[in-house]
Amino acid sequence: MDGYIPRLFVSALVLVSCIQSSYGACAKGGPDESPLCCVGRDSTCIANGYQRYSRTFGSCFCDTACVLTGDCCTDYERACPEVDCDVSPWSSWTGCSQQCGLGYSERRRYVLSDPQNSGAECPKLREVRGCKGYRGCDTDSVAGNSVAMILPYKYSHSRVGPLWEHPLARPPRYQSYCVYFKFKRFHPTCGARGGENWTTSLKKGSKACVECNRPAHGSTGVCRGEGIQKQKTRWMSIDIQGCKGVWQRYDVVKDCECGEDEENRFIFV
C-alpha cells in the first residue's frame, strides 16, 4: 500500500503532463513558455504533443506549413491564429507623368501589418492608369488633341451666300485649309442607326478630307481637333448622335477646299 500511492501519484503527473503538452504544445513551446509560431516550413519548429489527426503522443509542429502537411499540434490554430495582411486606404491619383502627351498616373497604399500564420497575403500596393497631359503643350498641340466635331460637307453651303458676301461683312481673316485623316475605329452606334446615312458606309482605313473654314477656325486660324501628324485623335459626329471614333492625321494642305473627288468630305464645327 505504501508503494502504490507513489505510483498512482506518478501516473497522475504523467497524465497531467501529457494533457498540458497536448493543449499547450504550441502555446508554450517557445522560450520561457512563450508561443511557438513559425513562418513557412521549419523543421525546428517542433513541440511535444498530439498531432491534430493522430492519437499518438509525440512530436508535432507549429509552423505554417503544418496546415498543408497535416502534422500540426492540436492547439496550433488557437495558439497561432491567422492574421491577414492589413493595408492602408488608397492614396489619391498622382498627376500625369507627362506635361504634354501620353503618360501615366499612379496611386499607392501601404502595409500596416504583415500577414501571420497563413493569413491572407498583402494585395497589390500600386495601381497605374494611362493619362494625357496638356499643361506643357503649346496652343497648337492643345487644339490638335481636342475632339474634332464634324459635319458632312453638304453643310458647308450654309457658310457661303449673301450673309457672308455682304459688302459690310467682315472679310475672313484666314483662308480655309484641308486636313486629311484615315479612320481607325468607330463606335458601334455609327452603324446602328436606322436607314442609310453617311456613317453606315464608313470602314476602317477609309480616308477623309475635313475642311477648316470660317467660322470654325475662330480667331486663331486653327480648327479644334485638327489632329497631330501621325498621331491618333478622336472625332465626333454632330448630326448622328453617339457616332464617334478615332482617326489619324496624315496630311494638311493650306488654302484648300475639299473637292468632290474625295472619298469622304466633312467640315469642322
# chains A, B, ... in the order shown; residues from 1 in each chain; ligands from 1

$ select_by_dssp --residues "range 53-118 of chain A" --states "alpha helix (DSSP H)" --output "list in words"
Cys66, Val67, Leu68, Thr69, Tyr76, Glu77, Arg78 and Ala79 of chain A

$ select_by_dssp --residues "range 22-162 of chain A" --states "strand (DSSP E or B)" --output "number ranges by chain"
A: 38, 46-51, 57-61, 63, 72-73, 83, 86-87, 101-108, 111-113, 116, 126-133, 148-152

$ write_last_selection --atoms "C-alpha atoms" --output "PDB file, in the first residue's frame"
ATOM      1  CA  CYS A  38       6.953  29.834 -37.233  1.00  0.00           C
ATOM      2  CA  ILE A  46       8.653  21.307 -33.184  1.00  0.00           C
ATOM      3  CA  ALA A  47       6.921  20.596 -29.877  1.00  0.00           C
ATOM      4  CA  ASN A  48       5.870  17.599 -27.824  1.00  0.00           C
ATOM      5  CA  GLY A  49       2.194  16.804 -28.059  1.00  0.00           C
ATOM      6  CA  TYR A  50      -0.503  15.228 -30.137  1.00  0.00           C
ATOM      7  CA  GLN A  51      -0.817  15.876 -33.829  1.00  0.00           C
ATOM      8  CA  PHE A  57       1.644  11.383 -28.372  1.00  0.00           C
ATOM      9  CA  GLY A  58       4.990  12.553 -29.736  1.00  0.00           C
ATOM     10  CA  SER A  59       6.314  15.300 -31.993  1.00  0.00           C
ATOM     11  CA  CYS A  60       4.083  17.886 -33.664  1.00  0.00           C
ATOM     12  CA  PHE A  61       4.761  21.141 -35.495  1.00  0.00           C
ATOM     13  CA  ASP A  63       4.886  26.200 -38.490  1.00  0.00           C
ATOM     14  CA  CYS A  72       0.167  20.492 -36.648  1.00  0.00           C
ATOM     15  CA  CYS A  73      -0.130  20.304 -32.886  1.00  0.00           C
ATOM     16  CA  VAL A  83      -3.820  37.258 -39.165  1.00  0.00           C
ATOM     17  CA  ASP A  86      -3.724  44.896 -43.285  1.00  0.00           C
ATOM     18  CA  VAL A  87      -3.184  47.796 -45.708  1.00  0.00           C
ATOM     19  CA  GLY A 101       1.331  63.877 -74.312  1.00  0.00           C
ATOM     20  CA  LEU A 102       0.704  60.312 -73.178  1.00  0.00           C
ATOM     21  CA  GLY A 103       1.881  59.317 -69.713  1.00  0.00           C
ATOM     22  CA  TYR A 104       0.629  57.609 -66.572  1.00  0.00           C
ATOM     23  CA  SER A 105      -0.581  58.418 -63.090  1.00  0.00           C
ATOM     24  CA  GLU A 106      -0.435  56.138 -60.090  1.00  0.00           C
ATOM     25  CA  ARG A 107      -1.781  55.600 -56.604  1.00  0.00           C
ATOM     26  CA  ARG A 108      -0.371  53.583 -53.723  1.00  0.00           C
ATOM     27  CA  VAL A 111       1.253  47.739 -45.403  1.00  0.00           C
ATOM     28  CA  LEU A 112       0.073  48.413 -41.857  1.00  0.00           C
ATOM     29  CA  SER A 113       0.707  44.882 -40.599  1.00  0.00           C
ATOM     30  CA  GLN A 116       0.906  35.946 -39.821  1.00  0.00           C
ATOM     31  CA  ARG A 126       0.376  50.133 -56.593  1.00  0.00           C
ATOM     32  CA  GLU A 127      -2.058  50.849 -59.423  1.00  0.00           C
ATOM     33  CA  VAL A 128      -1.263  52.645 -62.674  1.00  0.00           C
ATOM     34  CA  ARG A 129      -3.545  54.149 -65.315  1.00  0.00           C
ATOM     35  CA  GLY A 130      -2.926  55.981 -68.554  1.00  0.00           C
ATOM     36  CA  CYS A 131      -3.349  59.728 -68.899  1.00  0.00           C
ATOM     37  CA  LYS A 132      -2.690  62.564 -71.297  1.00  0.00           C
ATOM     38  CA  GLY A 133      -1.007  65.759 -70.188  1.00  0.00           C
ATOM     39  CA  ALA A 148     -12.953  67.062 -83.640  1.00  0.00           C
ATOM     40  CA  MET A 149     -16.625  67.974 -84.095  1.00  0.00           C
ATOM     41  CA  ILE A 150     -17.575  67.260 -87.718  1.00  0.00           C
ATOM     42  CA  LEU A 151     -20.496  67.525 -90.124  1.00  0.00           C
ATOM     43  CA  PRO A 152     -20.917  66.205 -93.663  1.00  0.00           C
TER      44      PRO A 152
END

$ residues_around --residues "Cys212 in chain A" --least-positions-apart "6" --cutoff "8 Å" --atoms "only C-alpha atoms" --output "list of chain:residue names"
A:Ser176, A:Tyr177, A:Cys178, A:Val179, A:Val222, A:Cys223, A:Ile267, A:Phe268

$ residues_around --residues "Cys190 in chain A" --least-positions-apart "6" --cutoff "8 Å" --atoms "only C-alpha atoms" --output "MDAnalysis selection string"
chainID A and resid 199:200 240 242:244

$ write_last_selection --atoms "N, CA, C and O atoms" --output "short mmCIF file (atom, residue, chain, number, x, y, z; two decimals), in the first residue's frame"
data_model
loop_
_atom_site.label_atom_id
_atom_site.label_comp_id
_atom_site.auth_asym_id
_atom_site.auth_seq_id
_atom_site.Cartn_x
_atom_site.Cartn_y
_atom_site.Cartn_z
N THR A 199 -22.63 57.61 -92.01
CA THR A 199 -21.83 56.83 -91.07
C THR A 199 -21.85 55.34 -91.39
O THR A 199 -20.91 54.61 -91.07
N THR A 200 -22.93 54.85 -92.02
CA THR A 200 -23.04 53.41 -92.27
C THR A 200 -22.05 52.93 -93.32
O THR A 200 -21.76 51.73 -93.40
N ILE A 240 -25.24 62.80 -86.26
CA ILE A 240 -25.62 61.43 -85.89
C ILE A 240 -25.23 61.23 -84.42
O ILE A 240 -24.07 61.04 -84.08
N GLY A 242 -24.20 60.09 -80.94
CA GLY A 242 -23.48 58.93 -80.40
C GLY A 242 -22.42 58.37 -81.32
O GLY A 242 -21.63 57.52 -80.90
N CYS A 243 -22.38 58.81 -82.58
CA CYS A 243 -21.37 58.29 -83.51
C CYS A 243 -20.05 59.02 -83.28
O CYS A 243 -19.98 60.25 -83.37
N LYS A 244 -19.02 58.27 -83.00
CA LYS A 244 -17.70 58.84 -82.72
C LYS A 244 -16.65 57.78 -82.99
O LYS A 244 -16.97 56.62 -83.25
#

$ atom_distance --atom1 "CA of Cys256 in chain A" --atom2 "CA of Cys209 in chain A"
10.2 Å

$ atom_distance --atom1 "CA of Ser146 in chain A" --atom2 "CA of Arg224 in chain A"
5.9 Å

$ residues_around --residues "Gly221 in chain A" --least-positions-apart "3" --cutoff "10 Å" --atoms "only C-alpha atoms" --output "PyMOL selection string"
chain A and resi 172-177+212-218+224

$ write_last_selection --atoms "N, CA and C atoms" --output "mmCIF file, in the first residue's frame"
data_model
loop_
_atom_site.group_PDB
_atom_site.id
_atom_site.type_symbol
_atom_site.label_atom_id
_atom_site.label_comp_id
_atom_site.auth_asym_id
_atom_site.auth_seq_id
_atom_site.Cartn_x
_atom_site.Cartn_y
_atom_site.Cartn_z
ATOM 1 N N PRO A 172 -12.894 87.347 -94.308
ATOM 2 C CA PRO A 172 -12.258 86.300 -93.486
ATOM 3 C C PRO A 172 -10.799 86.635 -93.185
ATOM 4 N N ARG A 173 -10.399 86.403 -91.949
ATOM 5 C CA ARG A 173 -9.011 86.675 -91.541
ATOM 6 C C ARG A 173 -8.081 85.568 -91.997
ATOM 7 N N TYR A 174 -8.620 84.373 -92.174
ATOM 8 C CA TYR A 174 -7.788 83.229 -92.533
ATOM 9 C C TYR A 174 -8.416 82.488 -93.707
ATOM 10 N N GLN A 175 -7.574 81.888 -94.502
ATOM 11 C CA GLN A 175 -8.032 81.074 -95.610
ATOM 12 C C GLN A 175 -8.360 79.660 -95.109
ATOM 13 N N SER A 176 -9.281 79.030 -95.795
ATOM 14 C CA SER A 176 -9.621 77.651 -95.416
ATOM 15 C C SER A 176 -8.461 76.716 -95.759
ATOM 16 N N TYR A 177 -8.399 75.596 -95.061
ATOM 17 C CA TYR A 177 -7.386 74.578 -95.341
ATOM 18 C C TYR A 177 -7.993 73.204 -95.118
ATOM 19 N N CYS A 212 -11.355 73.112 -92.875
ATOM 20 C CA CYS A 212 -11.413 74.103 -91.797
ATOM 21 C C CYS A 212 -11.634 75.469 -92.433
ATOM 22 N N ASN A 213 -12.790 76.049 -92.206
ATOM 23 C CA ASN A 213 -13.089 77.365 -92.752
ATOM 24 C C ASN A 213 -13.849 78.177 -91.715
ATOM 25 N N ARG A 214 -14.195 79.407 -92.100
ATOM 26 C CA ARG A 214 -14.930 80.245 -91.149
ATOM 27 C C ARG A 214 -16.333 79.681 -90.937
ATOM 28 N N PRO A 215 -16.883 79.790 -89.765
ATOM 29 C CA PRO A 215 -16.314 80.400 -88.568
ATOM 30 C C PRO A 215 -15.596 79.407 -87.655
ATOM 31 N N ALA A 216 -15.359 78.149 -88.128
ATOM 32 C CA ALA A 216 -14.803 77.109 -87.257
ATOM 33 C C ALA A 216 -13.400 77.456 -86.784
ATOM 34 N N HIS A 217 -12.620 78.185 -87.623
ATOM 35 C CA HIS A 217 -11.245 78.469 -87.201
ATOM 36 C C HIS A 217 -11.160 79.648 -86.229
ATOM 37 N N GLY A 218 -12.287 80.294 -85.945
ATOM 38 C CA GLY A 218 -12.331 81.318 -84.911
ATOM 39 C C GLY A 218 -11.305 82.410 -85.099
ATOM 40 N N ARG A 224 -10.248 73.420 -83.901
ATOM 41 C CA ARG A 224 -10.021 72.493 -82.801
ATOM 42 C C ARG A 224 -10.280 71.061 -83.263
#

$ closest_residue --among "A:Ala79, A:Val67, A:Val252, A:Cys96" --to "Gln229 in chain A" --atoms "only C-alpha atoms"
A:Val252

$ decode --residues "range 71-91 of chain A" --atoms "N, CA, C and O atoms" --output "mmCIF file, in the first residue's frame"
data_model
loop_
_atom_site.group_PDB
_atom_site.id
_atom_site.type_symbol
_atom_site.label_atom_id
_atom_site.label_comp_id
_atom_site.auth_asym_id
_atom_site.auth_seq_id
_atom_site.Cartn_x
_atom_site.Cartn_y
_atom_site.Cartn_z
ATOM 1 N N ASP A 71 0.547 17.874 -39.914
ATOM 2 C CA ASP A 71 1.236 17.456 -38.685
ATOM 3 C C ASP A 71 1.266 18.566 -37.643
ATOM 4 O O ASP A 71 2.191 18.672 -36.846
ATOM 5 N N CYS A 72 0.243 19.424 -37.646
ATOM 6 C CA CYS A 72 0.167 20.492 -36.648
ATOM 7 C C CYS A 72 -0.151 19.929 -35.266
ATOM 8 O O CYS A 72 -0.842 18.904 -35.138
ATOM 9 N N CYS A 73 0.300 20.613 -34.251
ATOM 10 C CA CYS A 73 -0.130 20.304 -32.886
ATOM 11 C C CYS A 73 -1.611 20.662 -32.760
ATOM 12 O O CYS A 73 -2.130 21.521 -33.480
ATOM 13 N N THR A 74 -2.263 20.016 -31.811
ATOM 14 C CA THR A 74 -3.711 20.208 -31.695
ATOM 15 C C THR A 74 -4.091 21.638 -31.351
ATOM 16 O O THR A 74 -5.195 22.075 -31.667
ATOM 17 N N ASP A 75 -3.205 22.374 -30.706
ATOM 18 C CA ASP A 75 -3.542 23.746 -30.316
ATOM 19 C C ASP A 75 -2.970 24.783 -31.279
ATOM 20 O O ASP A 75 -2.949 25.967 -30.980
ATOM 21 N N TYR A 76 -2.518 24.361 -32.487
ATOM 22 C CA TYR A 76 -1.857 25.303 -33.404
ATOM 23 C C TYR A 76 -2.774 26.468 -33.790
ATOM 24 O O TYR A 76 -2.377 27.640 -33.712
ATOM 25 N N GLU A 77 -4.001 26.171 -34.194
ATOM 26 C CA GLU A 77 -4.883 27.228 -34.657
ATOM 27 C C GLU A 77 -5.239 28.199 -33.547
ATOM 28 O O GLU A 77 -5.448 29.388 -33.795
ATOM 29 N N ARG A 78 -5.313 27.695 -32.320
ATOM 30 C CA ARG A 78 -5.627 28.569 -31.193
ATOM 31 C C ARG A 78 -4.409 29.371 -30.760
ATOM 32 O O ARG A 78 -4.507 30.561 -30.456
ATOM 33 N N ALA A 79 -3.242 28.736 -30.743
ATOM 34 C CA ALA A 79 -2.021 29.422 -30.303
ATOM 35 C C ALA A 79 -1.460 30.337 -31.385
ATOM 36 O O ALA A 79 -0.815 31.348 -31.073
ATOM 37 N N CYS A 80 -1.689 29.977 -32.666
ATOM 38 C CA CYS A 80 -1.131 30.753 -33.779
ATOM 39 C C CYS A 80 -2.253 31.129 -34.735
ATOM 40 O O CYS A 80 -2.317 30.601 -35.868
ATOM 41 N N PRO A 81 -3.168 32.006 -34.337
ATOM 42 C CA PRO A 81 -4.312 32.342 -35.195
ATOM 43 C C PRO A 81 -3.871 33.056 -36.477
ATOM 44 O O PRO A 81 -2.868 33.774 -36.487
ATOM 45 N N GLU A 82 -4.632 32.830 -37.548
ATOM 46 C CA GLU A 82 -4.332 33.509 -38.806
ATOM 47 C C GLU A 82 -4.605 35.003 -38.681
ATOM 48 O O GLU A 82 -5.639 35.414 -38.161
ATOM 49 N N VAL A 83 -3.670 35.799 -39.137
ATOM 50 C CA VAL A 83 -3.820 37.258 -39.165
ATOM 51 C C VAL A 83 -3.576 37.716 -40.595
ATOM 52 O O VAL A 83 -2.484 37.528 -41.133
ATOM 53 N N ASP A 84 -4.607 38.268 -41.232
ATOM 54 C CA ASP A 84 -4.479 38.724 -42.607
ATOM 55 C C ASP A 84 -3.645 40.001 -42.692
ATOM 56 O O ASP A 84 -3.549 40.770 -41.721
ATOM 57 N N CYS A 85 -3.064 40.211 -43.846
ATOM 58 C CA CYS A 85 -2.340 41.450 -44.102
ATOM 59 C C CYS A 85 -3.318 42.624 -44.028
ATOM 60 O O CYS A 85 -4.439 42.552 -44.524
ATOM 61 N N ASP A 86 -2.892 43.703 -43.410
ATOM 62 C CA ASP A 86 -3.724 44.896 -43.285
ATOM 63 C C ASP A 86 -3.032 46.046 -44.020
ATOM 64 O O ASP A 86 -1.837 46.286 -43.803
ATOM 65 N N VAL A 87 -3.772 46.705 -44.921
ATOM 66 C CA VAL A 87 -3.184 47.796 -45.708
ATOM 67 C C VAL A 87 -3.982 49.069 -45.500
ATOM 68 O O VAL A 87 -5.144 49.043 -45.086
ATOM 69 N N SER A 88 -3.354 50.182 -45.830
ATOM 70 C CA SER A 88 -3.992 51.492 -45.714
ATOM 71 C C SER A 88 -4.947 51.722 -46.884
ATOM 72 O O SER A 88 -4.894 50.995 -47.881
ATOM 73 N N PRO A 89 -5.821 52.720 -46.803
ATOM 74 C CA PRO A 89 -6.646 53.077 -47.974
ATOM 75 C C PRO A 89 -5.757 53.575 -49.117
ATOM 76 O O PRO A 89 -4.608 53.966 -48.912
ATOM 77 N N TRP A 90 -6.315 53.566 -50.340
ATOM 78 C CA TRP A 90 -5.579 54.078 -51.493
ATOM 79 C C TRP A 90 -5.315 55.565 -51.343
ATOM 80 O O TRP A 90 -6.152 56.318 -50.834
ATOM 81 N N SER A 91 -4.157 55.974 -51.789
ATOM 82 C CA SER A 91 -3.864 57.402 -51.859
ATOM 83 C C SER A 91 -4.606 58.010 -53.047
ATOM 84 O O SER A 91 -5.220 57.297 -53.847
#
